[in-house]
file model-v6.cif (mmCIF, C-alpha atoms and all ligand atoms)
data_target
loop_
_atom_site.label_atom_id
_atom_site.label_comp_id
_atom_site.auth_asym_id
_atom_site.auth_seq_id
_atom_site.Cartn_x
_atom_site.Cartn_y
_atom_site.Cartn_z
CA MET B 1350 4.45 -34.59 -4.79
CA THR B 1351 6.68 -31.73 -5.70
CA GLU B 1352 10.40 -31.44 -5.26
CA VAL B 1353 11.59 -28.74 -2.90
CA SER B 1354 15.11 -27.71 -2.06
CA MET B 1355 16.39 -25.23 0.46
CA THR B 1356 19.30 -24.67 2.80
CA VAL B 1357 18.65 -25.51 6.43
CA ASN B 1358 21.23 -24.38 9.00
CA GLY B 1359 23.75 -24.14 6.18
CA ARG B 1360 23.08 -27.63 4.81
CA PRO B 1361 21.47 -28.04 1.38
CA VAL B 1362 18.41 -30.31 1.56
CA ARG B 1363 16.03 -31.62 -1.06
CA ALA B 1364 12.93 -33.79 -0.88
CA ASP B 1365 9.75 -34.73 -2.68
CA VAL B 1366 6.85 -33.58 -0.55
CA PRO B 1367 3.08 -33.34 -0.87
CA ASP B 1368 2.19 -29.74 -1.79
CA ASN B 1369 0.31 -29.21 1.48
CA THR B 1370 3.44 -29.86 3.59
CA LEU B 1371 3.98 -27.05 6.06
CA LEU B 1372 7.53 -25.92 6.74
CA ALA B 1373 7.19 -27.05 10.38
CA ASP B 1374 6.30 -30.57 9.23
CA PHE B 1375 9.06 -30.60 6.62
CA LEU B 1376 11.61 -29.72 9.31
CA ARG B 1377 10.26 -32.16 11.88
CA GLU B 1378 9.22 -35.12 9.73
CA ASN B 1379 11.47 -35.02 6.68
CA LEU B 1380 14.61 -33.60 8.26
CA GLU B 1381 13.98 -34.92 11.80
CA LEU B 1382 14.79 -31.51 13.21
CA THR B 1383 12.35 -31.75 16.08
CA GLY B 1384 13.66 -28.71 17.94
CA THR B 1385 11.05 -26.63 16.12
CA HIS B 1386 7.90 -27.21 18.16
CA VAL B 1387 4.29 -27.08 17.06
CA GLY B 1388 2.14 -25.75 19.88
CA CYS B 1389 -1.03 -24.44 18.35
CA ASP B 1390 -0.72 -25.03 14.60
CA THR B 1391 -2.83 -21.89 14.14
CA ALA B 1392 -0.15 -19.16 14.05
CA GLN B 1393 -0.78 -17.99 17.57
CA CYS B 1394 1.81 -19.44 19.98
CA GLY B 1395 5.15 -18.88 18.25
CA ALA B 1396 6.72 -22.20 19.36
CA CYS B 1397 7.41 -22.94 15.67
CA VAL B 1398 9.29 -19.72 14.84
CA VAL B 1399 12.26 -20.24 12.51
CA HIS B 1400 14.07 -17.84 10.21
CA VAL B 1401 13.50 -17.82 6.46
CA ASN B 1402 16.04 -15.66 4.64
CA GLY B 1403 16.91 -14.01 7.93
CA ARG B 1404 13.35 -13.15 8.96
CA ALA B 1405 11.34 -14.78 11.73
CA VAL B 1406 8.28 -16.66 10.47
CA LYS B 1407 5.83 -19.11 11.97
CA SER B 1408 6.73 -22.37 10.30
CA CYS B 1409 3.26 -23.82 10.94
CA ASN B 1410 1.86 -21.09 8.74
CA ILE B 1411 3.97 -21.33 5.61
CA PHE B 1412 4.16 -24.10 3.03
CA ALA B 1413 7.51 -25.80 2.51
CA LEU B 1414 7.13 -25.11 -1.22
CA GLU B 1415 7.09 -21.38 -0.49
CA CYS B 1416 10.62 -21.78 0.88
CA GLU B 1417 12.11 -23.07 -2.38
CA GLY B 1418 15.69 -21.85 -2.55
CA ALA B 1419 15.49 -20.16 0.85
CA GLU B 1420 18.00 -20.08 3.69
CA VAL B 1421 16.24 -21.52 6.73
CA ALA B 1422 17.63 -21.32 10.26
CA THR B 1423 16.24 -23.37 13.13
CA ILE B 1424 17.09 -23.79 16.81
CA GLU B 1425 19.39 -26.71 15.92
CA GLY B 1426 21.72 -24.24 14.24
CA GLU B 1427 22.13 -22.09 17.34
CA ALA B 1428 24.65 -24.01 19.45
CA ALA B 1429 28.16 -24.60 18.11
CA PRO B 1430 28.93 -28.13 16.86
CA ASP B 1431 30.71 -28.87 20.15
CA GLY B 1432 27.53 -28.04 22.05
CA THR B 1433 28.53 -24.58 23.25
CA LEU B 1434 25.34 -22.59 23.55
CA SER B 1435 24.80 -19.35 21.63
CA ALA B 1436 24.80 -16.14 23.67
CA ILE B 1437 21.00 -16.05 23.66
CA GLN B 1438 20.66 -19.71 24.69
CA GLN B 1439 23.23 -19.24 27.45
CA ALA B 1440 21.39 -16.19 28.72
CA PHE B 1441 18.12 -18.18 28.83
CA GLN B 1442 19.91 -20.78 30.95
CA ASP B 1443 21.63 -18.24 33.21
CA HIS B 1444 18.44 -16.27 33.85
CA HIS B 1445 16.02 -19.21 34.07
CA GLY B 1446 14.24 -18.09 30.94
CA LEU B 1447 12.59 -21.49 30.57
CA GLN B 1448 10.79 -24.08 32.61
CA CYS B 1449 9.25 -26.84 30.49
CA GLY B 1450 11.09 -25.53 27.44
CA PHE B 1451 8.28 -26.02 24.96
CA CYS B 1452 8.14 -22.39 23.90
CA THR B 1453 11.91 -21.92 24.09
CA PRO B 1454 12.98 -22.69 20.51
CA GLY B 1455 10.52 -20.10 19.23
CA MET B 1456 11.48 -17.63 21.95
CA VAL B 1457 15.17 -17.97 21.11
CA MET B 1458 14.58 -17.57 17.36
CA SER B 1459 12.34 -14.54 17.93
CA ALA B 1460 14.92 -13.06 20.29
CA LYS B 1461 17.59 -13.60 17.67
CA ALA B 1462 15.50 -11.78 15.06
CA LEU B 1463 14.85 -8.92 17.48
CA LEU B 1464 18.52 -8.47 18.37
CA ALA B 1465 19.49 -8.53 14.70
CA GLU B 1466 17.07 -5.62 14.06
CA ASN B 1467 17.57 -3.83 17.33
CA PRO B 1468 20.79 -4.75 19.18
CA GLU B 1469 19.87 -2.97 22.44
CA PRO B 1470 16.11 -3.19 22.85
CA THR B 1471 14.32 -1.69 25.84
CA GLU B 1472 12.20 -3.89 28.09
CA ALA B 1473 9.05 -2.52 26.42
CA GLU B 1474 10.44 -3.27 22.96
CA ILE B 1475 11.26 -6.84 23.97
CA ARG B 1476 7.78 -7.38 25.37
CA ALA B 1477 6.18 -5.92 22.24
CA TYR B 1478 8.33 -8.08 19.97
CA LEU B 1479 7.30 -11.22 21.84
CA LYS B 1480 3.58 -10.56 21.26
CA GLY B 1481 3.38 -13.65 19.09
CA ASN B 1482 5.34 -15.98 21.41
CA ILE B 1483 3.32 -17.51 24.20
CA CYS B 1484 4.83 -19.16 27.28
CA ARG B 1485 2.57 -20.93 29.75
CA CYS B 1486 5.25 -21.49 32.39
CA THR B 1487 7.58 -18.63 33.10
CA GLY B 1488 5.42 -15.52 33.35
CA TYR B 1489 7.84 -13.93 30.85
CA HIS B 1490 9.95 -11.88 33.27
CA ASN B 1491 12.96 -14.16 33.06
CA ILE B 1492 12.65 -14.43 29.29
CA VAL B 1493 12.75 -10.64 29.01
CA ARG B 1494 15.66 -10.58 31.45
CA ALA B 1495 17.55 -13.21 29.43
CA ILE B 1496 17.11 -11.29 26.17
CA MET B 1497 18.26 -8.07 27.83
CA ALA B 1498 21.29 -9.88 29.21
CA ALA B 1499 22.06 -11.45 25.84
CA SER B 1500 22.14 -7.96 24.37
CA GLY B 1501 24.78 -7.00 26.92
CA GLN B 1502 22.51 -4.74 28.97
CA ASP B 1503 22.14 -4.46 32.72
CA VAL B 1504 19.22 -6.54 33.93
CA SER B 1505 19.13 -5.57 37.60
CA ASN B 1506 16.18 -3.22 37.01
CA ILE B 1507 13.91 -5.69 35.23
CA ALA B 1508 10.87 -6.44 37.34
CA ALA B 1509 11.31 -9.68 39.27
CA GLU B 1510 7.60 -10.40 39.56
CA MET R 808 -4.12 -29.75 6.26
CA TYR R 809 -6.09 -31.43 3.48
CA GLU R 810 -4.51 -32.17 0.11
CA VAL R 811 -4.09 -29.19 -2.12
CA ILE R 812 -2.14 -28.41 -5.26
CA ILE R 813 0.15 -25.40 -5.18
CA THR R 814 1.12 -23.72 -8.42
CA ARG R 815 3.92 -21.19 -8.52
CA PRO R 816 3.61 -18.83 -11.50
CA ARG R 817 6.46 -16.43 -12.26
CA THR R 818 4.46 -13.79 -14.14
CA LEU R 819 1.18 -11.99 -13.61
CA ALA R 820 -0.23 -13.31 -16.90
CA GLU R 821 0.50 -16.87 -15.84
CA ALA R 822 -1.07 -16.26 -12.41
CA ILE R 823 -4.27 -14.84 -13.93
CA ASP R 824 -4.45 -17.78 -16.27
CA LEU R 825 -4.13 -20.25 -13.39
CA LEU R 826 -6.78 -18.38 -11.41
CA GLY R 827 -9.24 -18.90 -14.24
CA SER R 828 -10.47 -22.19 -12.83
CA ASP R 829 -13.27 -22.23 -10.24
CA GLU R 830 -11.48 -24.20 -7.61
CA SER R 831 -8.35 -22.09 -7.40
CA GLN R 832 -7.54 -19.29 -5.03
CA PRO R 833 -4.60 -16.92 -4.79
CA LEU R 834 -2.11 -17.49 -1.95
CA ALA R 835 -0.36 -14.34 -0.81
CA GLY R 836 1.34 -14.44 2.62
CA GLY R 837 -1.08 -17.10 3.82
CA GLN R 838 -1.28 -15.74 7.36
CA THR R 839 -5.07 -15.81 7.27
CA LEU R 840 -5.66 -18.28 4.46
CA ILE R 841 -3.60 -21.18 5.87
CA PRO R 842 -5.31 -21.21 9.31
CA THR R 843 -8.65 -20.82 7.50
CA MET R 844 -7.87 -23.85 5.34
CA LYS R 845 -6.81 -25.88 8.39
CA GLN R 846 -10.24 -25.22 9.85
CA ARG R 847 -11.88 -26.04 6.48
CA LEU R 848 -13.50 -22.62 6.42
CA ALA R 849 -11.93 -22.36 2.98
CA ALA R 850 -11.10 -25.41 0.88
CA PRO R 851 -9.63 -24.42 -2.47
CA GLU R 852 -8.32 -27.34 -4.53
CA THR R 853 -5.52 -25.29 -6.03
CA LEU R 854 -3.55 -22.44 -4.59
CA VAL R 855 -1.87 -20.01 -6.94
CA SER R 856 1.13 -18.73 -5.02
CA LEU R 857 1.81 -15.08 -5.76
CA SER R 858 5.14 -14.88 -3.94
CA GLY R 859 7.21 -15.48 -7.08
CA VAL R 860 5.36 -12.99 -9.29
CA LYS R 861 7.77 -10.10 -9.77
CA GLU R 862 5.15 -7.60 -11.00
CA LEU R 863 3.42 -7.74 -7.61
CA ALA R 864 6.47 -6.95 -5.49
CA GLY R 865 8.10 -3.74 -4.40
CA ILE R 866 7.25 -0.22 -3.33
CA THR R 867 7.67 2.80 -5.59
CA ARG R 868 7.48 6.51 -4.86
CA GLY R 869 5.94 8.89 -7.36
CA ASP R 870 4.98 12.53 -7.24
CA GLY R 871 2.90 12.93 -4.07
CA GLU R 872 2.00 9.25 -3.96
CA ILE R 873 3.34 5.86 -3.03
CA THR R 874 2.48 2.64 -4.83
CA ILE R 875 2.80 -0.52 -2.79
CA GLY R 876 2.99 -3.86 -4.60
CA ALA R 877 0.33 -6.35 -3.53
CA THR R 878 2.86 -8.79 -2.08
CA ALA R 879 4.71 -6.21 0.01
CA THR R 880 4.71 -7.58 3.55
CA HIS R 881 3.60 -5.57 6.56
CA ALA R 882 7.21 -5.59 7.78
CA GLU R 883 8.41 -4.19 4.45
CA VAL R 884 5.84 -1.38 4.51
CA ALA R 885 6.71 -0.61 8.15
CA ARG R 886 10.41 -0.35 7.27
CA GLU R 887 10.24 1.38 3.91
CA LEU R 888 7.54 3.95 4.65
CA ALA R 889 8.88 4.96 8.07
CA ASP R 890 10.01 8.35 6.73
CA SER R 891 7.72 8.92 3.75
CA TYR R 892 4.37 7.89 5.27
CA PRO R 893 4.86 7.31 9.01
CA ALA R 894 1.14 6.81 9.78
CA LEU R 895 0.84 3.94 7.30
CA ALA R 896 4.20 2.51 8.38
CA ALA R 897 3.02 2.53 11.99
CA LEU R 898 -0.26 0.84 11.03
CA ALA R 899 1.61 -1.92 9.17
CA GLY R 900 4.18 -2.25 11.95
CA ASN R 901 1.52 -3.03 14.53
CA ILE R 902 -0.43 -5.72 12.68
CA GLY R 903 -0.37 -9.11 14.40
CA ASP R 904 3.13 -9.91 15.60
CA PRO R 905 6.61 -9.71 14.02
CA ALA R 906 6.54 -13.19 12.46
CA VAL R 907 3.11 -12.60 10.95
CA ARG R 908 4.27 -9.22 9.62
CA ASN R 909 7.14 -10.92 7.81
CA ARG R 910 4.66 -12.95 5.72
CA GLY R 911 1.32 -11.13 5.67
CA THR R 912 0.80 -8.82 2.69
CA ILE R 913 -1.16 -5.66 1.95
CA GLY R 914 -2.91 -7.26 -1.02
CA GLY R 915 -3.96 -10.26 1.03
CA SER R 916 -5.28 -8.12 3.83
CA LEU R 917 -7.33 -5.86 1.56
CA ALA R 918 -8.70 -8.72 -0.53
CA ASN R 919 -9.79 -10.54 2.62
CA ASN R 920 -11.40 -7.41 4.16
CA ASP R 921 -11.61 -8.81 7.66
CA PRO R 922 -13.93 -6.45 9.58
CA ALA R 923 -11.27 -6.01 12.27
CA ALA R 924 -8.17 -5.79 10.05
CA ASP R 925 -6.05 -2.64 10.05
CA TYR R 926 -5.28 -2.11 6.36
CA PRO R 927 -8.90 -1.54 5.25
CA ALA R 928 -8.97 1.48 7.59
CA GLY R 929 -5.65 2.71 6.18
CA ALA R 930 -6.78 2.30 2.59
CA LEU R 931 -10.24 3.85 3.08
CA GLY R 932 -9.09 6.66 5.39
CA GLY R 933 -6.03 7.23 3.23
CA ASN R 934 -8.14 7.49 0.03
CA ALA R 935 -6.12 4.75 -1.65
CA THR R 936 -6.72 3.33 -5.09
CA ILE R 937 -6.73 -0.44 -5.36
CA ILE R 938 -5.12 -1.50 -8.62
CA THR R 939 -6.05 -4.91 -10.04
CA ASN R 940 -4.98 -6.84 -13.10
CA ASP R 941 -7.98 -5.26 -14.83
CA ARG R 942 -8.79 -1.80 -13.44
CA GLU R 943 -8.31 0.80 -10.72
CA ILE R 944 -10.84 0.86 -7.90
CA PRO R 945 -11.10 3.81 -5.48
CA ALA R 946 -11.16 2.58 -1.86
CA ASP R 947 -14.61 4.18 -1.49
CA GLN R 948 -15.94 1.63 -3.99
CA PHE R 949 -13.77 -1.32 -3.01
CA PHE R 950 -15.04 -2.43 0.39
CA GLY R 951 -18.39 -4.21 0.68
CA GLY R 952 -19.65 -5.70 3.93
CA MET R 953 -17.34 -7.84 6.03
CA PHE R 954 -15.12 -10.16 3.96
CA THR R 955 -16.65 -8.68 0.80
CA THR R 956 -14.94 -6.51 -1.81
CA ALA R 957 -15.48 -5.30 -5.36
CA LEU R 958 -13.02 -7.91 -6.66
CA LEU R 959 -14.51 -10.24 -9.25
CA GLU R 960 -13.79 -13.93 -9.64
CA GLY R 961 -10.27 -14.37 -10.97
CA GLU R 962 -9.37 -10.70 -10.41
CA ILE R 963 -6.45 -9.93 -8.12
CA ILE R 964 -4.96 -6.86 -6.53
CA THR R 965 -1.63 -5.98 -8.10
CA ALA R 966 -0.81 -2.81 -6.15
CA VAL R 967 -2.27 -0.15 -3.89
CA LYS R 968 -1.68 3.54 -4.54
CA PHE R 969 -1.74 5.99 -1.64
CA PRO R 970 -1.74 9.77 -2.10
CA LEU R 971 0.52 11.38 0.52
CA PRO R 972 -1.59 13.25 3.10
CA ASP R 973 -0.69 16.51 4.83
CA ALA R 974 -1.25 14.78 8.15
CA ALA R 975 -2.36 11.31 9.19
CA ALA R 976 -2.38 8.86 12.08
CA TYR R 977 -3.88 5.53 13.07
CA ALA R 978 -5.01 4.68 16.57
CA LYS R 979 -5.98 1.14 17.44
CA PHE R 980 -7.31 -0.52 20.56
CA ASP R 981 -6.02 -4.09 20.36
CA GLN R 982 -8.10 -7.10 21.19
CA PRO R 983 -5.28 -8.50 23.34
CA ALA R 984 -5.55 -12.14 22.30
CA SER R 985 -5.89 -11.77 18.54
CA ARG R 986 -4.16 -8.39 18.03
CA PHE R 987 -6.97 -7.45 15.69
CA ALA R 988 -8.62 -4.08 16.29
CA LEU R 989 -11.44 -3.87 18.82
CA ALA R 990 -11.67 -0.44 17.29
CA GLY R 991 -9.17 1.23 14.98
CA VAL R 992 -9.43 4.69 13.45
CA PHE R 993 -7.34 6.05 10.58
CA VAL R 994 -7.47 9.81 10.15
CA ALA R 995 -5.97 11.65 7.18
CA ARG R 996 -6.07 15.30 6.17
CA PHE R 997 -5.60 16.34 2.54
CA GLY R 998 -5.78 20.14 2.51
CA ASP R 999 -9.25 20.98 3.88
CA VAL R 1000 -10.58 17.51 3.32
CA VAL R 1001 -10.45 15.10 6.23
CA ARG R 1002 -11.16 11.39 6.00
CA VAL R 1003 -11.89 9.20 9.02
CA ALA R 1004 -12.13 5.44 8.56
CA VAL R 1005 -13.10 2.98 11.28
CA THR R 1006 -12.31 -0.73 11.50
CA GLY R 1007 -13.11 -3.40 14.09
CA ALA R 1008 -16.34 -1.82 15.22
CA SER R 1009 -19.10 -2.22 12.65
CA GLU R 1010 -21.04 -5.30 11.57
CA GLU R 1011 -20.61 -3.93 8.04
CA GLY R 1012 -16.81 -3.87 8.22
CA VAL R 1013 -14.72 -0.77 7.60
CA PHE R 1014 -16.66 2.50 7.21
CA ARG R 1015 -16.16 6.26 6.97
CA TRP R 1016 -17.36 8.22 9.97
CA GLU R 1017 -18.77 11.21 8.16
CA ALA R 1018 -19.88 13.27 11.17
CA ALA R 1019 -16.30 13.23 12.43
CA GLU R 1020 -14.96 14.16 9.00
CA GLN R 1021 -17.22 17.21 8.91
CA ALA R 1022 -16.31 18.28 12.42
CA LEU R 1023 -12.61 17.95 11.63
CA SER R 1024 -12.64 19.69 8.26
CA GLY R 1025 -13.17 23.07 9.92
CA ASP R 1026 -11.06 22.38 12.99
CA PHE R 1027 -8.47 19.61 12.78
CA SER R 1028 -8.05 19.06 16.49
CA ALA R 1029 -9.04 16.37 18.97
CA ALA R 1030 -11.26 18.93 20.70
CA ALA R 1031 -13.43 19.14 17.57
CA LEU R 1032 -14.57 15.58 18.34
CA ASP R 1033 -15.33 16.20 22.03
CA GLY R 1034 -18.23 14.05 23.16
CA MET R 1035 -18.73 12.58 19.68
CA LYS R 1036 -19.20 8.90 18.95
CA PRO R 1037 -20.91 7.01 16.15
CA ASP R 1038 -24.32 5.43 16.65
CA ALA R 1039 -24.06 2.10 18.52
CA VAL R 1040 -26.70 0.58 16.23
CA GLY R 1041 -24.92 -1.78 13.83
CA MET R 1042 -21.78 -2.00 15.95
CA ILE R 1043 -20.36 -5.44 16.76
CA GLY R 1044 -21.34 -6.88 20.13
CA ASP R 1045 -19.40 -9.90 21.38
CA LEU R 1046 -17.66 -11.13 24.51
CA HIS R 1047 -14.94 -8.50 24.05
CA GLY R 1048 -17.28 -5.52 24.06
CA SER R 1049 -20.86 -4.38 23.61
CA PRO R 1050 -21.96 -2.20 20.67
CA GLU R 1051 -22.12 0.81 23.02
CA TYR R 1052 -18.58 0.12 24.25
CA ARG R 1053 -17.27 -0.10 20.70
CA ALA R 1054 -19.03 3.12 19.68
CA HIS R 1055 -17.45 4.87 22.64
CA LEU R 1056 -14.06 3.40 21.80
CA VAL R 1057 -14.30 4.72 18.23
CA GLY R 1058 -14.67 8.26 19.61
CA VAL R 1059 -11.67 7.78 21.88
CA MET R 1060 -9.49 6.28 19.13
CA ALA R 1061 -10.48 9.03 16.70
CA ARG R 1062 -9.45 11.72 19.21
CA ARG R 1063 -6.16 9.92 19.85
CA ALA R 1064 -5.43 9.65 16.14
CA VAL R 1065 -6.22 13.32 15.53
CA ALA R 1066 -4.08 14.36 18.49
CA VAL R 1067 -1.10 12.54 16.95
CA ALA R 1068 -1.79 13.73 13.39
CA ALA R 1069 -2.35 17.35 14.42
CA GLY R 1070 0.55 17.28 16.89
S1 LIG A 1601 2.70 -23.81 16.28
FE1 LIG A 1601 3.08 -22.20 14.90
S2 LIG A 1601 2.44 -20.48 15.99
FE2 LIG A 1601 1.90 -22.11 17.33
S1 LIG A 1602 8.83 -22.67 29.40
FE1 LIG A 1602 7.04 -23.87 29.31
S2 LIG A 1602 5.91 -22.87 27.77
FE2 LIG A 1602 7.53 -21.52 28.09
#
call {"tool": "encode", "arguments": {"input": "model-v6.cif", "output": "structure tokens"}}
result
Amino acid sequence: MTEVSMTVNGRPVRADVPDNTLLADFLRENLELTGTHVGCDTAQCGACVVHVNGRAVKSCNIFALECEGAEVATIEGEAAPDGTLSAIQQAFQDHHGLQCGFCTPGMVMSAKALLAENPEPTEAEIRAYLKGNICRCTGYHNIVRAIMAASGQDVSNIAAE
Amino acid sequence: MYEVIITRPRTLAEAIDLLGSDESQPLAGGQTLIPTMKQRLAAPETLVSLSGVKELAGITRGDGEITIGATATHAEVARELADSYPALAALAGNIGDPAVRNRGTIGGSLANNDPAADYPAGALGGNATIITNDREIPADQFFGGMFTTALLEGEIITAVKFPLPDAAAYAKFDQPASRFALAGVFVARFGDVVRVAVTGASEEGVFRWEAAEQALSGDFSAAALDGMKPDAVGMIGDLHGSPEYRAHLVGVMARRAVAVAAG
């Protein structure tokens, strides 16, 4: 067991964990932040994407100990304390960017990273950025549409099918 | 994930010391190593995390060359080399996906020498020098067969030095599920000398395509490679493509890379 401390959604946390604890498991098991989903556990699906020091990472593919002292942001930090959704979350709802919702936490966190780097991405840039986020329900169009809308762009020209 | 001990040295000397034991392995970004450990394809007892070792971080520009610290992530290289070495920045910026690029490192990629990884082509085609804690190894002597390098037990990459080319480009045909190269070709021209390195295609891992280099050294244009492709013997054949298909793809990617570099 090794002690690890980090800041998660602005809250300092500290725990003794086995060295092999992945960040995804630390968030879900130790902190009970189960919004971060584990789909594949092999770094392919992107359901587990969170931010570490402002950068999107796959939390199933990084040890908690590697995040010592880091600022971690998860989906639970997106909505305001009163439940008001963030602009990206609201856009996902408005544009039906989710069906079962399993991929959604990772999609939202990837979208947030994209918009931080590139505030007005093109449709092609959004699709390229989501290479590592897999959705088995939506067919992606509405996710792309939601991210475009969240960036304040016109979405009427995004392919509907 | 099975039980493992993670050590977190702060200096290179400490890291080398910790790597002295048989059962330990360096952990860079972990984007390949962690999935490999989950599948028990690798099972080190101790991981020596390199992320806190200051000597391995950062990118520095010298006279006509760029030295990239071993723990520089693909995203860092893509951002920081965008103006100074666009071909290498583009290569780094198209590895895997954005989240993987925020963790995966150049040192990890080269030390692993996956036969379909992008960086081996960049390093070999770009005539890089791989710097370790012990010596400097020219890329031509660094890569063995797939997953094999000149690194000795306990030796780690500390940085990679790239001379700046007069022109360069990388063209990659993605395997759409894995994002690894089905064929990737890095072309670089240094004066009259042209280097062409191919990844993803050969059973032997990354290699220099010498016939293309000769054709391009007199005439650095895509047309100089018209109709050329490497021999299909020794190319990888799997469900994604036959050896003949890969050989053909190498010709196409090489022409695309030259068209960009010469353009
Ligand atoms: S659970 Fe991490 S990428 Fe799928
Ligand atoms: S909404 Fe079901 S996986 Fe994306």
call {"tool": "residues_near_ligand", "arguments": {"input": "model-v6.cif", "ligand": "ligand LIG 1602 (chain A)", "cutoff": "8 Å", "atoms": "all atoms listed in the file", "output": "PDB file with C-alpha atoms, in the frame of the given file"}}
result
ATOM      1  CA  GLY B1446      14.240 -18.090  30.940  1.00  0.00           C
ATOM      2  CA  LEU B1447      12.590 -21.490  30.570  1.00  0.00           C
ATOM      3  CA  GLN B1448      10.790 -24.080  32.610  1.00  0.00           C
ATOM      4  CA  CYS B1449       9.250 -26.840  30.490  1.00  0.00           C
ATOM      5  CA  GLY B1450      11.090 -25.530  27.440  1.00  0.00           C
ATOM      6  CA  PHE B1451       8.280 -26.020  24.960  1.00  0.00           C
ATOM      7  CA  CYS B1452       8.140 -22.390  23.900  1.00  0.00           C
ATOM      8  CA  THR B1453      11.910 -21.920  24.090  1.00  0.00           C
ATOM      9  CA  ILE B1483       3.320 -17.510  24.200  1.00  0.00           C
ATOM     10  CA  CYS B1484       4.830 -19.160  27.280  1.00  0.00           C
ATOM     11  CA  ARG B1485       2.570 -20.930  29.750  1.00  0.00           C
ATOM     12  CA  CYS B1486       5.250 -21.490  32.390  1.00  0.00           C
ATOM     13  CA  THR B1487       7.580 -18.630  33.100  1.00  0.00           C
TER      14      THR B1487
END
call {"tool": "interface_residues", "arguments": {"input": "model-v6.cif", "of": "chain B", "to": "chain R", "cutoff": "10 Å", "atoms": "only C-alpha atoms", "output": "PyMOL selection string"}}
result
chain B and resi 1350-1351+1367-1371+1390-1393+1395+1398-1401+1404-1412+1414-1415+1459+1462-1463+1477-1482
call {"tool": "write_last_selection", "arguments": {"input": "model-v6.cif", "atoms": "C-alpha atoms", "output": "compact mmCIF listing (two decimals), in the frame of the given file"}}
result
# COMPACT_ATOMS: atom_id res chain seq x y z
CA MET B 1350 4.45 -34.59 -4.79
CA THR B 1351 6.68 -31.73 -5.70
CA PRO B 1367 3.08 -33.34 -0.87
CA ASP B 1368 2.19 -29.74 -1.79
CA ASN B 1369 0.31 -29.21 1.48
CA THR B 1370 3.44 -29.86 3.59
CA LEU B 1371 3.98 -27.05 6.06
CA ASP B 1390 -0.72 -25.03 14.60
CA THR B 1391 -2.83 -21.89 14.14
CA ALA B 1392 -0.15 -19.16 14.05
CA GLN B 1393 -0.78 -17.99 17.57
CA GLY B 1395 5.15 -18.88 18.25
CA VAL B 1398 9.29 -19.72 14.84
CA VAL B 1399 12.26 -20.24 12.51
CA HIS B 1400 14.07 -17.84 10.21
CA VAL B 1401 13.50 -17.82 6.46
CA ARG B 1404 13.35 -13.15 8.96
CA ALA B 1405 11.34 -14.78 11.73
CA VAL B 1406 8.28 -16.66 10.47
CA LYS B 1407 5.83 -19.11 11.97
CA SER B 1408 6.73 -22.37 10.30
CA CYS B 1409 3.26 -23.82 10.94
CA ASN B 1410 1.86 -21.09 8.74
CA ILE B 1411 3.97 -21.33 5.61
CA PHE B 1412 4.16 -24.10 3.03
CA LEU B 1414 7.13 -25.11 -1.22
CA GLU B 1415 7.09 -21.38 -0.49
CA SER B 1459 12.34 -14.54 17.93
CA ALA B 1462 15.50 -11.78 15.06
CA LEU B 1463 14.85 -8.92 17.48
CA ALA B 1477 6.18 -5.92 22.24
CA TYR B 1478 8.33 -8.08 19.97
CA LEU B 1479 7.30 -11.22 21.84
CA LYS B 1480 3.58 -10.56 21.26
CA GLY B 1481 3.38 -13.65 19.09
CA ASN B 1482 5.34 -15.98 21.41
call {"tool": "residues_around", "arguments": {"input": "model-v6.cif", "residues": "Thr1385 (chain B)", "least_positions_apart": "5", "cutoff": "8 Å", "atoms": "all atoms listed in the file", "output": "PyMOL selection string"}}
result
chain B and resi 1373+1376-1377+1396-1399+1423-1424+1454-1455
call {"tool": "axis_aligned_box", "arguments": {"input": "model-v6.cif", "around": "ligand LIG 1601 (chain A)", "padding_each_side": "3 Å", "output": "AutoDock Vina command-line options"}}
result
--center_x 2.5 --center_y -22.1 --center_z 16.1 --size_x 7.2 --size_y 9.3 --size_z 8.4
call {"tool": "atom_distance", "arguments": {"input": "model-v6.cif", "atom1": "CA of Leu834 (chain R)", "atom2": "CA of Leu989 (chain R)"}}
result
26.5 Å
call {"tool": "atom_distance", "arguments": {"input": "model-v6.cif", "atom1": "CA of Val1013 (chain R)", "atom2": "CA of Asp870 (chain R)"}}
result
28.0 Å
call {"tool": "closest_residue", "arguments": {"input": "model-v6.cif", "among": "R:Arg886, R:Arg868, R:His1047, R:Arg996", "to": "Ala1068 (chain R)", "atoms": "only C-alpha atoms"}}
result
R:Arg996
call {"tool": "closest_residue", "arguments": {"input": "model-v6.cif", "among": "R:Ile913, R:Asp973, R:Asp890, R:Leu1046", "to": "Gly871 (chain R)", "atoms": "all atoms listed in the file"}}
result
R:Asp973
call {"tool": "closest_residue", "arguments": {"input": "model-v6.cif", "among": "B:Ala1419, B:Leu1372, B:Arg1476, B:Gly1388", "to": "ligand LIG 1601 (chain A)", "atoms": "only C-alpha atoms and all ligand atoms"}}
result
B:Gly1388
call {"tool": "residues_around", "arguments": {"input": "model-v6.cif", "residues": "Phe1441 (chain B)", "least_positions_apart": "3", "cutoff": "9 Å", "atoms": "all atoms listed in the file", "output": "list in words"}}
result
Ala1436, Ile1437, Gln1438, His1444, His1445, Gly1446, Leu1447, Thr1453, Val1457, Asn1491, Ile1492, Arg1494, Ala1495, Ile1496, Ala1498 and Ala1499 of chain B
call {"tool": "atom_distance", "arguments": {"input": "model-v6.cif", "atom1": "CA of Arg1002 (chain R)", "atom2": "CA of His881 (chain R)"}}
result
22.5 Å
call {"tool": "closest_residue", "arguments": {"input": "model-v6.cif", "among": "R:Tyr1052, R:Phe980, R:Phe987, R:Phe950", "to": "Arg1015 (chain R)", "atoms": "all atoms listed in the file"}}
result
R:Phe950
